[in-house]
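**Q** Mind having a look at this structure? Questions to follow.
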Amino acid sequence: DTKLMQMKTYRKHIGILMLVFAAVACVERHPQLFGDIAGVYFNNRTSGVFSDERNVTFVYEDEDEVQIPVTVQLVGRPAPEDREVSITAVSDNAEEGVDYRLPERSVLPAGASSFEYIVTLLRTDAIKVNTKTITLEVHPNGNFSLPVTEMVQASGNVTTLEYRIVFSDMFTEPPVTWDKNILGDFSQQKFELICRVLDIKRSDFNDYEKMTLSFQVYIFNEMRRYIKDELAKKEAGEEYDEDIIDKVTGEPITFPSE
């Protein structure tokens, strides 16, 4: 009987110890993932690949403003109230209010796990000859820390605390449909004059269904007539469209001879 009682007591103690070990192991395997963490980082992707930079061109934009959404991601649990995020912009060659505008406030809305910080780029004459760059930076504040500082990519680590926007209004090559035999040598000034005078969407010059050869012949005829009429006004001392004069050569913009 004594041995039986000792065996029962031993088994009881073993059972208690196993429960304790199981409880401890459970706590170690299932930590509170976010706890009190509240952090933010820039989370932007191009074709599914994480990126810290975006290149923007105005050349096919009809408006003089382009809005660029920059995703700011939460690390932690959403909160029942709005929380301000500290974001600044720095640039060596772009001026706020002249080249770009920023939101008045940067706020992670209540219940949200991310938001779009909208940067508005402005078309100016300066970006026809120079590329400008804005670098956004996110900072810690009373609401958020910066627990994620970079993303690991096959090509190397990419920062999540800065996001660059590079923008210009310059062509690196003519639009795909531009027929030199009909419209002559390409220039940005000629392209913009055509779009303005004939009210053609800039993006149409990359669409073969819209920019057919017959339509380009129409452009050729209309623009030759327009430039001839404006030159006649100039010679008569009347007000004329100054954009018909090439800003590089000082000569009228030309199209091929008929």
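Please note that chains go A, B, ... in the order of the structure tokens, that every chain numbers its residues from 1, and that ligands are numbered from 1 in the order shown.
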Could you give me, as a ChimeraX atom specification, each residue of region 64-150 of chain A that DSSP assigns to strand (DSSP E or B) when run on this structure's backbone?

**A** /A:65-76,83-84,86-90,96,100-101,107-108,114-122,132-139,145,150

**Q** Could you give me, as a ChimeraX atom specification, each residue of region 7-243 of chain A that DSSP assigns to alpha helix (DSSP H) when run on this structure's backbone?

**A** /A:7-29,180-183,188-198,213-235

**Q** Counting only C-alpha atoms, what is within 12 Å of region 150-152 of chain A, bar same-chain residues fewer than 6 positions away, as JSON, numbers by chain?

**A** {"A": [40, 41, 42, 43, 44, 45, 49, 50, 51, 52, 158, 159, 160, 161, 162, 163]}

**Q** Any idea what's packed within 10 Å of region 245-251 of chain A, counting only C-alpha atoms, ignoring anything in its chain fewer than 3 positions away? Could you give it as an mmCIF file with all heavy atoms, in the first residue's frame?

**A**
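Dumped everything to around18.cif:
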```cif
data_model
loop_
_atom_site.group_PDB
_atom_site.id
_atom_site.type_symbol
_atom_site.label_atom_id
_atom_site.label_comp_id
_atom_site.auth_asym_id
_atom_site.auth_seq_id
_atom_site.Cartn_x
_atom_site.Cartn_y
_atom_site.Cartn_z
ATOM 1 N N SER A 187 10.636 67.661 -82.139
ATOM 2 C CA SER A 187 11.090 68.513 -81.038
ATOM 3 C C SER A 187 9.937 68.623 -80.055
ATOM 4 O O SER A 187 8.759 68.531 -80.442
ATOM 5 C CB SER A 187 11.511 69.901 -81.519
ATOM 6 O OG SER A 187 10.387 70.706 -81.820
ATOM 7 N N GLN A 189 8.969 71.236 -78.505
ATOM 8 C CA GLN A 189 8.195 72.451 -78.769
ATOM 9 C C GLN A 189 7.185 72.215 -79.891
ATOM 10 O O GLN A 189 6.032 72.638 -79.811
ATOM 11 C CB GLN A 189 9.133 73.601 -79.137
ATOM 12 C CG GLN A 189 8.403 74.931 -79.317
ATOM 13 C CD GLN A 189 9.332 76.079 -79.639
ATOM 14 O OE1 GLN A 189 10.541 75.971 -79.448
ATOM 15 N NE2 GLN A 189 8.785 77.180 -80.126
ATOM 16 N N LYS A 190 7.618 71.528 -80.950
ATOM 17 C CA LYS A 190 6.701 71.223 -82.059
ATOM 18 C C LYS A 190 5.565 70.321 -81.577
ATOM 19 O O LYS A 190 4.389 70.553 -81.899
ATOM 20 C CB LYS A 190 7.452 70.546 -83.205
ATOM 21 C CG LYS A 190 6.572 70.211 -84.397
ATOM 22 C CD LYS A 190 7.303 69.328 -85.401
ATOM 23 C CE LYS A 190 8.287 70.097 -86.205
ATOM 24 N NZ LYS A 190 8.845 69.286 -87.345
ATOM 25 N N ILE A 227 0.964 77.877 -89.027
ATOM 26 C CA ILE A 227 2.235 78.599 -88.925
ATOM 27 C C ILE A 227 2.321 79.691 -89.991
ATOM 28 O O ILE A 227 2.802 80.808 -89.719
ATOM 29 C CB ILE A 227 3.410 77.616 -89.034
ATOM 30 C CG1 ILE A 227 3.460 76.720 -87.780
ATOM 31 C CG2 ILE A 227 4.739 78.360 -89.212
ATOM 32 C CD1 ILE A 227 4.479 75.602 -87.844
ATOM 33 N N GLU A 230 0.203 82.604 -88.775
ATOM 34 C CA GLU A 230 0.802 83.307 -87.641
ATOM 35 C C GLU A 230 2.014 84.131 -88.081
ATOM 36 O O GLU A 230 2.261 85.228 -87.560
ATOM 37 C CB GLU A 230 1.189 82.313 -86.544
ATOM 38 C CG GLU A 230 0.001 81.637 -85.867
ATOM 39 C CD GLU A 230 -0.953 82.646 -85.251
ATOM 40 O OE1 GLU A 230 -0.498 83.501 -84.465
ATOM 41 O OE2 GLU A 230 -2.168 82.572 -85.550
ATOM 42 N N LEU A 231 2.778 83.615 -89.053
ATOM 43 C CA LEU A 231 3.918 84.374 -89.573
ATOM 44 C C LEU A 231 3.450 85.624 -90.302
ATOM 45 O O LEU A 231 4.098 86.689 -90.229
ATOM 46 C CB LEU A 231 4.747 83.499 -90.512
ATOM 47 C CG LEU A 231 5.650 82.466 -89.840
ATOM 48 C CD1 LEU A 231 6.312 81.568 -90.880
ATOM 49 C CD2 LEU A 231 6.714 83.149 -88.979
ATOM 50 N N ASP A 241 1.212 83.989 -82.367
ATOM 51 C CA ASP A 241 1.590 82.897 -81.468
ATOM 52 C C ASP A 241 3.110 82.751 -81.482
ATOM 53 O O ASP A 241 3.684 82.253 -82.456
ATOM 54 C CB ASP A 241 0.909 81.597 -81.924
ATOM 55 C CG ASP A 241 1.136 80.452 -80.944
ATOM 56 O OD1 ASP A 241 1.979 80.585 -80.035
ATOM 57 O OD2 ASP A 241 0.457 79.409 -81.088
ATOM 58 N N GLU A 242 3.767 83.176 -80.416
ATOM 59 C CA GLU A 242 5.230 83.148 -80.374
ATOM 60 C C GLU A 242 5.800 81.735 -80.336
ATOM 61 O O GLU A 242 6.990 81.536 -80.603
ATOM 62 C CB GLU A 242 5.721 83.946 -79.170
ATOM 63 C CG GLU A 242 5.380 85.434 -79.263
ATOM 64 C CD GLU A 242 5.921 86.229 -78.089
ATOM 65 O OE1 GLU A 242 6.593 85.606 -77.224
ATOM 66 O OE2 GLU A 242 5.680 87.445 -78.030
ATOM 67 N N THR A 254 9.275 74.152 -88.623
ATOM 68 C CA THR A 254 9.025 73.704 -89.984
ATOM 69 C C THR A 254 8.472 72.277 -90.023
ATOM 70 O O THR A 254 8.679 71.486 -89.100
ATOM 71 C CB THR A 254 10.308 73.752 -90.821
ATOM 72 O OG1 THR A 254 11.290 72.897 -90.215
ATOM 73 C CG2 THR A 254 10.840 75.168 -90.902
#
```

**Q** When you count only C-alpha atoms, which of these residues is closest to Asn221 (chain A): A:Asp199, A:Pro256, A:Asp243, A:Asp125?

**A**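 Closest candidate: A:Pro256.
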
**Q** Go through A:Met170, A:Ala126, A:Ala94, A:Ala110 and flag the residue nearest Gln188 (chain A), using only C-alpha atoms for the distances.

**A**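 Nearest candidate to Gln188 (chain A) out of A:Met170, A:Ala126, A:Ala94, A:Ala110: A:Met170.
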
**Q** Between A:Val90, A:Ile134, A:Val129, A:Val72, which residue has the minimum interatomic distance to Tyr117 (chain A), considering only C-alpha atoms?

**A** A:Val72
